[in-house]
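> Sending over protein_33.pdb (PDB, C-alpha atoms).
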MODEL        1
ATOM      1  CA  MET W   1    -199.687 -13.927  32.182
ATOM      2  CA  ILE W   2    -196.219 -12.884  33.346
ATOM      3  CA  ASP W   3    -194.707 -15.227  35.917
ATOM      4  CA  PRO W   4    -190.984 -14.453  36.216
ATOM      5  CA  THR W   5    -190.464 -16.347  39.464
ATOM      6  CA  GLY W   6    -191.872 -19.544  37.933
ATOM      7  CA  SER W   7    -189.411 -19.360  35.054
ATOM      8  CA  VAL W   8    -186.521 -18.691  37.419
ATOM      9  CA  ARG W   9    -187.494 -21.626  39.642
ATOM     10  CA  ALA W  10    -187.812 -23.972  36.654
ATOM     11  CA  ALA W  11    -184.445 -22.846  35.295
ATOM     12  CA  TRP W  12    -182.769 -23.263  38.683
ATOM     13  CA  ARG W  13    -184.212 -26.769  39.104
ATOM     14  CA  ALA W  14    -182.853 -27.737  35.687
ATOM     15  CA  VAL W  15    -179.373 -26.517  36.618
ATOM     16  CA  ARG W  16    -179.475 -28.375  39.941
ATOM     17  CA  ARG W  17    -180.554 -31.592  38.205
ATOM     18  CA  ALA W  18    -177.729 -31.370  35.678
ATOM     19  CA  LYS W  19    -174.716 -30.278  37.738
ATOM     20  CA  ARG W  20    -172.605 -33.284  36.710
ATOM     21  CA  LEU W  21    -173.537 -32.942  33.057
ATOM     22  CA  VAL W  22    -172.607 -29.259  33.105
ATOM     23  CA  ILE W  23    -169.214 -30.135  34.589
ATOM     24  CA  LEU W  24    -168.670 -32.817  31.936
ATOM     25  CA  VAL W  25    -169.545 -30.382  29.141
ATOM     26  CA  ALA W  26    -167.145 -27.833  30.649
ATOM     27  CA  LEU W  27    -164.406 -30.487  30.694
ATOM     28  CA  VAL W  28    -165.015 -31.190  27.009
ATOM     29  CA  ASP W  29    -164.738 -27.449  26.324
ATOM     30  CA  GLY W  30    -161.487 -27.372  28.261
ATOM     31  CA  LEU W  31    -160.055 -30.346  26.374
ATOM     32  CA  ALA W  32    -160.935 -28.699  23.052
ATOM     33  CA  CYS W  33    -158.993 -25.574  24.051
ATOM     34  CA  LEU W  34    -156.092 -27.480  25.624
ATOM     35  CA  PRO W  35    -153.754 -27.800  22.574
ATOM     36  CA  ALA W  36    -153.752 -24.046  21.882
ATOM     37  CA  ALA W  37    -153.437 -23.254  25.594
ATOM     38  CA  ILE W  38    -150.492 -25.640  26.084
ATOM     39  CA  TYR W  39    -148.675 -24.289  23.034
ATOM     40  CA  ALA W  40    -149.101 -20.651  24.081
ATOM     41  CA  GLY W  41    -148.258 -21.465  27.699
ATOM     42  CA  LEU W  42    -145.034 -23.268  26.821
ATOM     43  CA  ALA W  43    -143.966 -20.452  24.491
ATOM     44  CA  VAL W  44    -144.551 -17.860  27.210
ATOM     45  CA  HIS W  45    -142.791 -20.054  29.778
ATOM     46  CA  ARG W  46    -139.682 -20.361  27.621
ATOM     47  CA  SER W  47    -139.534 -16.590  27.092
ATOM     48  CA  ALA W  48    -140.506 -15.220  30.493
ATOM     49  CA  ALA W  49    -140.309 -17.825  33.271
ATOM     50  CA  HIS W  50    -136.718 -17.007  34.237
ATOM     51  CA  GLN W  51    -136.933 -13.219  33.956
ATOM     52  CA  THR W  52    -136.797 -11.126  37.112
ATOM     53  CA  ASP W  53    -140.071  -9.379  36.199
ATOM     54  CA  ALA W  54    -141.913 -12.616  35.385
ATOM     55  CA  THR W  55    -144.686 -11.931  37.909
ATOM     56  CA  ALA W  56    -145.346  -8.458  36.476
ATOM     57  CA  LEU W  57    -145.452  -9.897  32.951
ATOM     58  CA  ALA W  58    -147.968 -12.510  34.092
ATOM     59  CA  ARG W  59    -150.304  -9.913  35.622
ATOM     60  CA  THR W  60    -150.331  -7.299  32.847
ATOM     61  CA  PHE W  61    -150.276  -7.171  29.076
ATOM     62  CA  ASP W  62    -146.863  -6.045  27.823
ATOM     63  CA  PRO W  63    -146.744  -5.211  24.081
ATOM     64  CA  ASP W  64    -142.943  -5.297  24.060
ATOM     65  CA  PHE W  65    -142.896  -8.799  25.534
ATOM     66  CA  MET W  66    -145.450 -10.008  22.977
ATOM     67  CA  ALA W  67    -143.360  -8.537  20.171
ATOM     68  CA  ASP W  68    -140.294 -10.347  21.499
ATOM     69  CA  LEU W  69    -142.298 -13.570  21.816
ATOM     70  CA  ARG W  70    -143.335 -13.403  18.175
ATOM     71  CA  GLY W  71    -139.789 -12.520  17.162
ATOM     72  CA  THR W  72    -138.159 -15.511  18.847
ATOM     73  CA  ASP W  73    -140.299 -17.964  16.878
ATOM     74  CA  GLY W  74    -141.416 -16.930  13.423
ATOM     75  CA  ASP W  75    -144.067 -19.641  13.393
ATOM     76  CA  PHE W  76    -145.692 -18.614  16.682
ATOM     77  CA  ASP W  77    -148.555 -16.624  15.178
ATOM     78  CA  ALA W  78    -149.217 -19.113  12.380
ATOM     79  CA  THR W  79    -149.227 -22.096  14.738
ATOM     80  CA  LEU W  80    -151.412 -20.384  17.313
ATOM     81  CA  ILE W  81    -153.893 -19.266  14.630
ATOM     82  CA  ALA W  82    -154.053 -22.816  13.250
ATOM     83  CA  LEU W  83    -154.660 -24.317  16.695
ATOM     84  CA  THR W  84    -157.246 -21.674  17.574
ATOM     85  CA  THR W  85    -159.073 -22.126  14.276
ATOM     86  CA  SER W  86    -159.152 -25.899  14.781
ATOM     87  CA  THR W  87    -160.577 -25.374  18.264
ATOM     88  CA  LEU W  88    -163.306 -23.057  16.957
ATOM     89  CA  VAL W  89    -164.262 -25.481  14.177
ATOM     90  CA  LEU W  90    -164.431 -28.375  16.640
ATOM     91  CA  PHE W  91    -166.459 -26.232  19.043
ATOM     92  CA  PHE W  92    -168.855 -25.236  16.236
ATOM     93  CA  PHE W  93    -169.628 -28.830  15.306
ATOM     94  CA  VAL W  94    -169.838 -30.194  18.860
ATOM     95  CA  ARG W  95    -171.860 -27.349  20.340
ATOM     96  CA  PRO W  96    -175.208 -28.274  18.704
ATOM     97  CA  LEU W  97    -175.020 -31.673  20.403
ATOM     98  CA  PHE W  98    -174.707 -30.042  23.818
ATOM     99  CA  MET W  99    -177.431 -27.500  23.059
ATOM    100  CA  GLY W 100    -179.770 -30.352  22.159
ATOM    101  CA  GLY W 101    -178.972 -31.994  25.466
ATOM    102  CA  TYR W 102    -179.644 -28.753  27.359
ATOM    103  CA  VAL W 103    -183.075 -28.368  25.773
ATOM    104  CA  ALA W 104    -183.841 -32.018  26.628
ATOM    105  CA  ILE W 105    -182.908 -31.354  30.256
ATOM    106  CA  ALA W 106    -185.260 -28.370  30.224
ATOM    107  CA  ALA W 107    -188.053 -30.507  28.775
ATOM    108  CA  ARG W 108    -187.754 -33.444  31.147
ATOM    109  CA  GLY W 109    -188.622 -33.529  34.805
ATOM    110  CA  ASP W 110    -185.965 -36.009  35.897
ATOM    111  CA  ARG W 111    -182.201 -36.450  35.778
ATOM    112  CA  ILE W 112    -180.578 -37.971  32.725
ATOM    113  CA  ARG W 113    -177.329 -39.863  32.312
ATOM    114  CA  PHE W 114    -174.517 -38.652  30.070
ATOM    115  CA  ASP W 115    -175.257 -41.275  27.410
ATOM    116  CA  GLU W 116    -178.904 -40.158  27.364
ATOM    117  CA  PHE W 117    -177.738 -36.549  27.207
ATOM    118  CA  ILE W 118    -175.736 -37.327  24.066
ATOM    119  CA  ARG W 119    -178.553 -39.383  22.538
ATOM    120  CA  VAL W 120    -181.278 -36.789  23.003
ATOM    121  CA  GLY W 121    -178.881 -34.137  21.772
ATOM    122  CA  GLY W 122    -178.246 -36.226  18.690
ATOM    123  CA  ALA W 123    -181.983 -36.356  18.005
ATOM    124  CA  VAL W 124    -181.947 -32.684  16.995
ATOM    125  CA  TYR W 125    -178.262 -32.350  16.097
ATOM    126  CA  TRP W 126    -178.627 -31.609  12.389
ATOM    127  CA  LYS W 127    -181.328 -29.007  12.929
ATOM    128  CA  PHE W 128    -179.343 -27.362  15.711
ATOM    129  CA  LEU W 129    -176.277 -27.367  13.462
ATOM    130  CA  ARG W 130    -178.292 -25.489  10.835
ATOM    131  CA  ILE W 131    -179.394 -23.019  13.517
ATOM    132  CA  ALA W 132    -175.747 -22.453  14.436
ATOM    133  CA  LEU W 133    -174.884 -21.841  10.782
ATOM    134  CA  ILE W 134    -177.795 -19.402  10.439
ATOM    135  CA  GLY W 135    -176.575 -17.627  13.567
ATOM    136  CA  VAL W 136    -173.027 -17.253  12.213
ATOM    137  CA  VAL W 137    -174.214 -15.942   8.837
ATOM    138  CA  THR W 138    -176.724 -13.548  10.408
ATOM    139  CA  ALA W 139    -174.160 -12.245  12.904
ATOM    140  CA  TYR W 140    -171.723 -11.678  10.040
ATOM    141  CA  LEU W 141    -174.359  -9.730   8.085
ATOM    142  CA  LEU W 142    -175.169  -7.677  11.183
ATOM    143  CA  SER W 143    -171.500  -6.840  11.614
ATOM    144  CA  LEU W 144    -171.309  -5.728   7.970
ATOM    145  CA  ALA W 145    -174.349  -3.511   8.488
ATOM    146  CA  ALA W 146    -172.967  -2.098  11.736
ATOM    147  CA  SER W 147    -169.605  -1.082  10.276
ATOM    148  CA  PRO W 148    -170.856   1.801   8.054
ATOM    149  CA  LEU W 149    -173.209   2.895  10.857
ATOM    150  CA  LEU W 150    -170.300   3.202  13.285
ATOM    151  CA  ASP W 151    -168.237   5.021  10.648
ATOM    152  CA  TYR W 152    -171.122   7.464  10.085
ATOM    153  CA  ILE W 153    -171.439   8.113  13.824
ATOM    154  CA  ASP W 154    -167.676   8.746  14.012
ATOM    155  CA  ASP W 155    -167.900  11.233  11.131
ATOM    156  CA  GLN W 156    -170.793  13.051  12.787
ATOM    157  CA  ALA W 157    -169.059  13.004  16.152
ATOM    158  CA  ALA W 158    -165.998  14.655  14.607
ATOM    159  CA  ASN W 159    -168.049  17.844  14.272
ATOM    160  CA  PHE W 160    -168.292  18.197  18.051
ATOM    161  CA  ARG W 161    -165.794  20.548  19.637
ATOM    162  CA  THR W 162    -165.318  18.379  22.717
ATOM    163  CA  GLU W 163    -164.597  14.669  22.963
ATOM    164  CA  GLY W 164    -167.293  13.883  25.578
ATOM    165  CA  PRO W 165    -170.409  14.047  23.333
ATOM    166  CA  ALA W 166    -168.601  12.218  20.539
ATOM    167  CA  LEU W 167    -167.689   9.379  22.888
ATOM    168  CA  THR W 168    -171.271   9.260  24.202
ATOM    169  CA  TYR W 169    -172.710   8.903  20.697
ATOM    170  CA  ARG W 170    -170.193   6.188  19.925
ATOM    171  CA  ARG W 171    -171.063   4.224  23.075
ATOM    172  CA  ILE W 172    -174.811   4.518  22.449
ATOM    173  CA  THR W 173    -174.374   3.223  18.900
ATOM    174  CA  GLU W 174    -172.269   0.319  20.132
ATOM    175  CA  LEU W 175    -174.972  -0.550  22.667
ATOM    176  CA  VAL W 176    -177.607  -0.557  19.910
ATOM    177  CA  VAL W 177    -175.476  -2.889  17.786
ATOM    178  CA  PHE W 178    -174.807  -5.138  20.777
ATOM    179  CA  ALA W 179    -178.548  -5.234  21.556
ATOM    180  CA  ALA W 180    -179.195  -6.456  17.996
ATOM    181  CA  PHE W 181    -176.768  -9.358  18.507
ATOM    182  CA  TRP W 182    -178.353 -10.116  21.887
ATOM    183  CA  VAL W 183    -181.878 -10.221  20.435
ATOM    184  CA  LEU W 184    -180.606 -12.502  17.660
ATOM    185  CA  GLY W 185    -179.122 -14.880  20.244
ATOM    186  CA  THR W 186    -182.375 -14.905  22.198
ATOM    187  CA  ILE W 187    -184.397 -15.752  19.082
ATOM    188  CA  LEU W 188    -182.013 -18.586  18.221
ATOM    189  CA  ASP W 189    -182.402 -20.033  21.722
ATOM    190  CA  TYR W 190    -186.189 -19.974  21.400
ATOM    191  CA  THR W 191    -185.831 -21.607  17.990
ATOM    192  CA  ARG W 192    -183.996 -24.514  19.619
ATOM    193  CA  VAL W 193    -186.720 -24.759  22.245
ATOM    194  CA  GLY W 194    -189.443 -24.699  19.571
ATOM    195  CA  ILE W 195    -187.803 -27.435  17.510
ATOM    196  CA  ARG W 196    -187.623 -29.746  20.519
ATOM    197  CA  MET W 197    -191.057 -28.832  21.829
ATOM    198  CA  HIS W 198    -193.104 -29.211  18.642
ATOM    199  CA  ARG W 199    -190.886 -31.450  16.452
ATOM    200  CA  ARG W 200    -192.155 -29.726  13.331
ATOM    201  CA  PRO W 201    -190.116 -29.858  10.120
ATOM    202  CA  GLY W 202    -188.409 -26.753   8.817
ATOM    203  CA  VAL W 203    -185.701 -24.806  10.649
ATOM    204  CA  PHE W 204    -186.426 -21.523   8.863
ATOM    205  CA  ALA W 205    -190.149 -21.795   9.593
ATOM    206  CA  GLU W 206    -189.424 -22.403  13.281
ATOM    207  CA  LEU W 207    -186.972 -19.505  13.284
ATOM    208  CA  LEU W 208    -189.719 -17.218  11.992
ATOM    209  CA  ARG W 209    -192.229 -18.556  14.536
ATOM    210  CA  SER W 210    -189.718 -18.038  17.341
ATOM    211  CA  ALA W 211    -188.946 -14.487  16.235
ATOM    212  CA  VAL W 212    -192.679 -13.710  16.273
ATOM    213  CA  PHE W 213    -193.011 -15.341  19.706
ATOM    214  CA  VAL W 214    -190.176 -13.229  21.143
ATOM    215  CA  MET W 215    -191.686 -10.061  19.700
ATOM    216  CA  GLN W 216    -195.143 -10.965  21.038
ATOM    217  CA  HIS W 217    -193.809 -11.574  24.564
ATOM    218  CA  PRO W 218    -190.873  -9.168  24.844
ATOM    219  CA  VAL W 219    -191.126  -8.606  28.589
ATOM    220  CA  GLU W 220    -190.874 -12.295  29.486
ATOM    221  CA  THR W 221    -188.544 -13.493  26.727
ATOM    222  CA  LEU W 222    -186.096 -10.591  26.570
ATOM    223  CA  GLY W 223    -186.461  -9.919  30.279
ATOM    224  CA  PHE W 224    -185.499 -13.456  31.226
ATOM    225  CA  SER W 225    -182.724 -13.431  28.634
ATOM    226  CA  ALA W 226    -181.387 -10.225  30.178
ATOM    227  CA  LEU W 227    -181.477 -11.864  33.617
ATOM    228  CA  ALA W 228    -179.529 -14.915  32.423
ATOM    229  CA  PHE W 229    -177.058 -12.732  30.545
ATOM    230  CA  GLY W 230    -176.645 -10.455  33.553
ATOM    231  CA  ILE W 231    -175.820 -13.446  35.750
ATOM    232  CA  GLU W 232    -173.254 -14.603  33.189
ATOM    233  CA  ILE W 233    -171.641 -11.146  33.011
ATOM    234  CA  ALA W 234    -171.497 -10.964  36.815
ATOM    235  CA  VAL W 235    -169.795 -14.370  36.945
ATOM    236  CA  ILE W 236    -167.244 -13.332  34.298
ATOM    237  CA  TRP W 237    -166.539 -10.027  36.052
ATOM    238  CA  ALA W 238    -166.070 -11.680  39.439
ATOM    239  CA  PHE W 239    -163.740 -14.326  38.046
ATOM    240  CA  ALA W 240    -161.786 -11.733  36.058
ATOM    241  CA  LEU W 241    -160.923 -10.005  39.330
ATOM    242  CA  LEU W 242    -160.127 -13.336  40.967
ATOM    243  CA  LEU W 243    -157.915 -14.469  38.083
ATOM    244  CA  GLN W 244    -156.041 -11.185  38.073
ATOM    245  CA  ALA W 245    -155.363 -11.500  41.795
ATOM    246  CA  ALA W 246    -154.329 -15.160  41.579
ATOM    247  CA  ASP W 247    -152.143 -14.915  38.485
ATOM    248  CA  GLY W 248    -148.420 -15.300  38.942
ATOM    249  CA  ALA W 249    -145.222 -16.701  37.500
ATOM    250  CA  TYR W 250    -145.055 -20.015  39.352
ATOM    251  CA  LEU W 251    -146.287 -23.498  38.549
ATOM    252  CA  ILE W 252    -148.751 -23.633  41.432
ATOM    253  CA  THR W 253    -150.341 -20.331  40.392
ATOM    254  CA  SER W 254    -150.639 -21.605  36.816
ATOM    255  CA  VAL W 255    -152.432 -24.715  38.042
ATOM    256  CA  ALA W 256    -154.706 -22.580  40.211
ATOM    257  CA  ILE W 257    -155.527 -20.390  37.191
ATOM    258  CA  LEU W 258    -156.416 -23.441  35.094
ATOM    259  CA  ILE W 259    -158.738 -24.723  37.820
ATOM    260  CA  LEU W 260    -160.400 -21.324  38.193
ATOM    261  CA  VAL W 261    -160.861 -21.007  34.435
ATOM    262  CA  GLN W 262    -162.433 -24.462  34.328
ATOM    263  CA  ILE W 263    -164.842 -23.449  37.094
ATOM    264  CA  LEU W 264    -165.679 -20.294  35.123
ATOM    265  CA  VAL W 265    -166.409 -22.358  31.996
ATOM    266  CA  ALA W 266    -168.697 -24.648  34.021
ATOM    267  CA  LEU W 267    -170.584 -21.676  35.456
ATOM    268  CA  ARG W 268    -171.037 -20.203  31.984
ATOM    269  CA  GLU W 269    -172.406 -23.537  30.774
ATOM    270  CA  ALA W 270    -174.800 -23.477  33.723
ATOM    271  CA  CYS W 271    -175.957 -20.014  32.605
ATOM    272  CA  ARG W 272    -176.669 -21.345  29.113
ATOM    273  CA  LEU W 273    -178.701 -24.205  30.548
ATOM    274  CA  PHE W 274    -180.441 -21.739  32.879
ATOM    275  CA  HIS W 275    -181.647 -19.659  29.920
ATOM    276  CA  HIS W 276    -182.785 -22.643  27.847
ATOM    277  CA  ALA W 277    -184.737 -24.085  30.786
ATOM    278  CA  GLY W 278    -186.433 -20.767  31.484
ATOM    279  CA  ALA W 279    -187.190 -20.266  27.793
ATOM    280  CA  TRP W 280    -188.762 -23.738  27.640
ATOM    281  CA  ARG W 281    -191.119 -22.942  30.517
ATOM    282  CA  ILE W 282    -192.054 -19.529  29.093
ATOM    283  CA  ARG W 283    -192.852 -20.914  25.653
ATOM    284  CA  ARG W 284    -194.698 -23.985  26.924
ATOM    285  CA  ARG W 285    -196.887 -21.854  29.190
ATOM    286  CA  GLU W 286    -197.642 -19.178  26.599
ATOM    287  CA  GLU W 287    -198.386 -21.673  23.823
ATOM    288  CA  GLY W 288    -200.657 -23.785  25.989
ATOM    289  CA  GLY W 289    -198.565 -26.795  26.767
ATOM    290  CA  GLY W 290    -196.302 -28.408  24.252
ATOM    291  CA  GLU W 291    -195.100 -31.789  25.310
ATOM    292  CA  ALA W 292    -194.109 -32.314  28.910
ATOM    293  CA  GLU W 293    -191.682 -35.031  28.075
ATOM    294  CA  ALA W 294    -191.099 -38.035  30.247
ATOM    295  CA  GLY W 295    -188.232 -40.447  30.096
ATOM    296  CA  ARG W 296    -190.097 -42.910  27.917
ATOM    297  CA  ALA W 297    -190.479 -40.323  25.163
ATOM    298  CA  ASP W 298    -186.748 -40.219  24.751
ATOM    299  CA  GLY W 299    -186.542 -43.963  24.218
ATOM    300  CA  LEU W 300    -187.988 -43.706  20.743
ATOM    301  CA  ALA W 301    -185.879 -44.647  17.765
ATOM    302  CA  ARG W 302    -186.103 -41.111  16.409
ATOM    303  CA  ASP W 303    -183.776 -39.933  19.190
ATOM    304  CA  ASP W 304    -180.755 -41.164  17.338
ATOM    305  CA  LEU W 305    -178.058 -39.169  15.570
ATOM    306  CA  LEU W 306    -177.908 -41.376  12.470
ATOM    307  CA  ALA W 307    -181.674 -41.765  12.202
ATOM    308  CA  ASN W 308    -181.943 -37.983  12.022
ATOM    309  CA  LEU W 309    -179.512 -37.286   9.211
ATOM    310  CA  PRO W 310    -180.455 -34.103   7.336
ATOM    311  CA  TRP W 311    -181.592 -35.973   4.223
ATOM    312  CA  ASN W 312    -183.970 -38.051   6.352
ATOM    313  CA  GLY W 313    -186.112 -35.001   7.078
TER     314      GLY W 313
ENDMDL
END
Would you put the structure from the file into C-alpha cells?


Amino acid sequence: MIDPTGSVRAAWRAVRRAKRLVILVALVDGLACLPAAIYAGLAVHRSAAHQTDATALARTFDPDFMADLRGTDGDFDATLIALTTSTLVLFFFVRPLFMGGYVAIAARGDRIRFDEFIRVGGAVYWKFLRIALIGVVTAYLLSLAASPLLDYIDDQAANFRTEGPALTYRRITELVVFAAFWVLGTILDYTRVGIRMHRRPGVFAELLRSAVFVMQHPVETLGFSALAFGIEIAVIWAFALLLQAADGAYLITSVAILILVQILVALREACRLFHHAGAWRIRRREEGGGEAEAGRADGLARDDLLANLPWNG
C-alpha cells in the first residue's frame, strides 16, 4: 500500500535526530576539499585581488583571466589536478563509512553519538565500498553506451532544416541518459538499505534483489527518490543565486562564501540522509518488517570495522 506521507515523516524525523552528525559530516567534506580550495584561492588572489575589475572577475567566468592564470604558473593545472584527484580518492574511500552511518540512523529510533555513527558505519564499510566501486564502474559503462547514442541523435538532428527540433531531440536524449543514472543511484541506495536490513552475504545478490524491489514498487521508490532529488536541486539552485549575489573581491565576502558553501554541503548531506531514511521505511514496510533495530543491536561485536574485513565474509 502506498503511503508517501509516512515515508516523508520518517525521513524528516531521521534528519531532525541527526542534525549534529550531518554538520560534522559536512565539515569532514569541507576539510577534504580545503587543500585544493586554498591553492586555487591563493592563485586567484595573487592574480586578481589588486585589479580594478576584481569584483567583476569574482562574479563571472572570464576565459581570458583563466588563460592568464594558467600562464603565470606553469604548474597550476598539474597541481590543481593532483589536489583534486587526491580529494576525490579520499572522498571515495571515506564516503562508504558515512553512508553506513546514515542507514544506521534510518534503522534506529533514537539519536546516536558520533563514535557510534562511525562504528555502525564501519560494520558495513567493506560492503558499501564494493557498492561504491560497482556504482563507479556501472556509471562509466553507461557513459560509454550513451556516447554513441548522443552522436547518433546529433547525426539525425543534422537533417533538420531548423535548429529547434534538433535541440529538442538532443535534450530529450540527455534526459533519458540522466534518468538512467538516476535510477542506478536509486537502486544503489536501496542496496545499502537491504544490506543493513537483512545482513545477508553477497553484495551482487543484494544488488539484484534491490533492483527487482525498485522495479516492483516504482511509484514509491522512484517517486520518493524524485522528491528527495527535487529538494536537493531546489537547495542547490537557491544557494547558487545566493552565492552569485554574495560573491565579491574582498576578504569578508570570501569568508561569507565559504560559510554559505559549508551550509550548502550540510543541506545536501541532509538530503542524502532524507532519502536513505525514506527508503528504509519503504522497504521495511513492503517486505514485512526487517529488523527494527534498537541501540542494543549495535553493541554487538560484529559492528566493528576490523571484524568485518572483506575476507571475513

> Could you state which residues are captured by the PyMOL selection byres ((chain W and resi 279) around 9) in this file, as number ranges by chain?

W: 7, 11, 106, 189-190, 193, 220-221, 224-225, 274-278, 280-284

> Between W:Asp75, W:Glu174, W:Asp68, W:Asp155, which is the closest to W:Ser143 once you count all atoms listed in the file?

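The closest residue to W:Ser143 is W:Glu174.
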
> List the neighbours of W:Ile231 out to 8 Å using all atoms listed in the file; skip same-chain residues closer than 4 positions along the sequence, and give me the result as an NGL selection string.

:W and (227 or 235 or 271)

> Would you write out, as an MDAnalysis selection string, every residue that the PyMOL selection byres ((chain W and resi 102) around 12) captures in this file?

chainID W and resid 11 14:15 17:19 21:22 25 95:101 103:108 111:112 114 116:122 124:125 128 189 192:193 196 269:280

> Restricting it to C-alpha atoms, dump the selection as a CSV table (one decimal), in the frame of the given file.


chain,number,residue,atom,x,y,z
W,11,ALA,CA,-184.4,-22.8,35.3
W,14,ALA,CA,-182.9,-27.7,35.7
W,15,VAL,CA,-179.4,-26.5,36.6
W,17,ARG,CA,-180.6,-31.6,38.2
W,18,ALA,CA,-177.7,-31.4,35.7
W,19,LYS,CA,-174.7,-30.3,37.7
W,21,LEU,CA,-173.5,-32.9,33.1
W,22,VAL,CA,-172.6,-29.3,33.1
W,25,VAL,CA,-169.5,-30.4,29.1
W,95,ARG,CA,-171.9,-27.3,20.3
W,96,PRO,CA,-175.2,-28.3,18.7
W,97,LEU,CA,-175.0,-31.7,20.4
W,98,PHE,CA,-174.7,-30.0,23.8
W,99,MET,CA,-177.4,-27.5,23.1
W,100,GLY,CA,-179.8,-30.4,22.2
W,101,GLY,CA,-179.0,-32.0,25.5
W,103,VAL,CA,-183.1,-28.4,25.8
W,104,ALA,CA,-183.8,-32.0,26.6
W,105,ILE,CA,-182.9,-31.4,30.3
W,106,ALA,CA,-185.3,-28.4,30.2
W,107,ALA,CA,-188.1,-30.5,28.8
W,108,ARG,CA,-187.8,-33.4,31.1
W,111,ARG,CA,-182.2,-36.4,35.8
W,112,ILE,CA,-180.6,-38.0,32.7
W,114,PHE,CA,-174.5,-38.7,30.1
W,116,GLU,CA,-178.9,-40.2,27.4
W,117,PHE,CA,-177.7,-36.5,27.2
W,118,ILE,CA,-175.7,-37.3,24.1
W,119,ARG,CA,-178.6,-39.4,22.5
W,120,VAL,CA,-181.3,-36.8,23.0
W,121,GLY,CA,-178.9,-34.1,21.8
W,122,GLY,CA,-178.2,-36.2,18.7
W,124,VAL,CA,-181.9,-32.7,17.0
W,125,TYR,CA,-178.3,-32.4,16.1
W,128,PHE,CA,-179.3,-27.4,15.7
W,189,ASP,CA,-182.4,-20.0,21.7
W,192,ARG,CA,-184.0,-24.5,19.6
W,193,VAL,CA,-186.7,-24.8,22.2
W,196,ARG,CA,-187.6,-29.7,20.5
W,269,GLU,CA,-172.4,-23.5,30.8
W,270,ALA,CA,-174.8,-23.5,33.7
W,271,CYS,CA,-176.0,-20.0,32.6
W,272,ARG,CA,-176.7,-21.3,29.1
W,273,LEU,CA,-178.7,-24.2,30.5
W,274,PHE,CA,-180.4,-21.7,32.9
W,275,HIS,CA,-181.6,-19.7,29.9
W,276,HIS,CA,-182.8,-22.6,27.8
W,277,ALA,CA,-184.7,-24.1,30.8
W,278,GLY,CA,-186.4,-20.8,31.5
W,279,ALA,CA,-187.2,-20.3,27.8
W,280,TRP,CA,-188.8,-23.7,27.6

> For the structure shown, which residues end up in the PyMOL selection byres ((chain W and resi 36-38) around 9)? Put them as a list of chain:residue names, please?

W:Ala32, W:Cys33, W:Leu34, W:Pro35, W:Tyr39, W:Ala40, W:Gly41, W:Leu42, W:Ala43, W:Thr79, W:Leu80, W:Ile81, W:Ala82, W:Leu83, W:Thr84, W:Thr87

> Would you mind telling me which residue in W:Trp182, W:Tyr152, W:Phe92, W:Trp126 lies nearest to W:Ala228 when using only C-alpha atoms?

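Selected residue with least distance to W:Ala228: W:Trp182.
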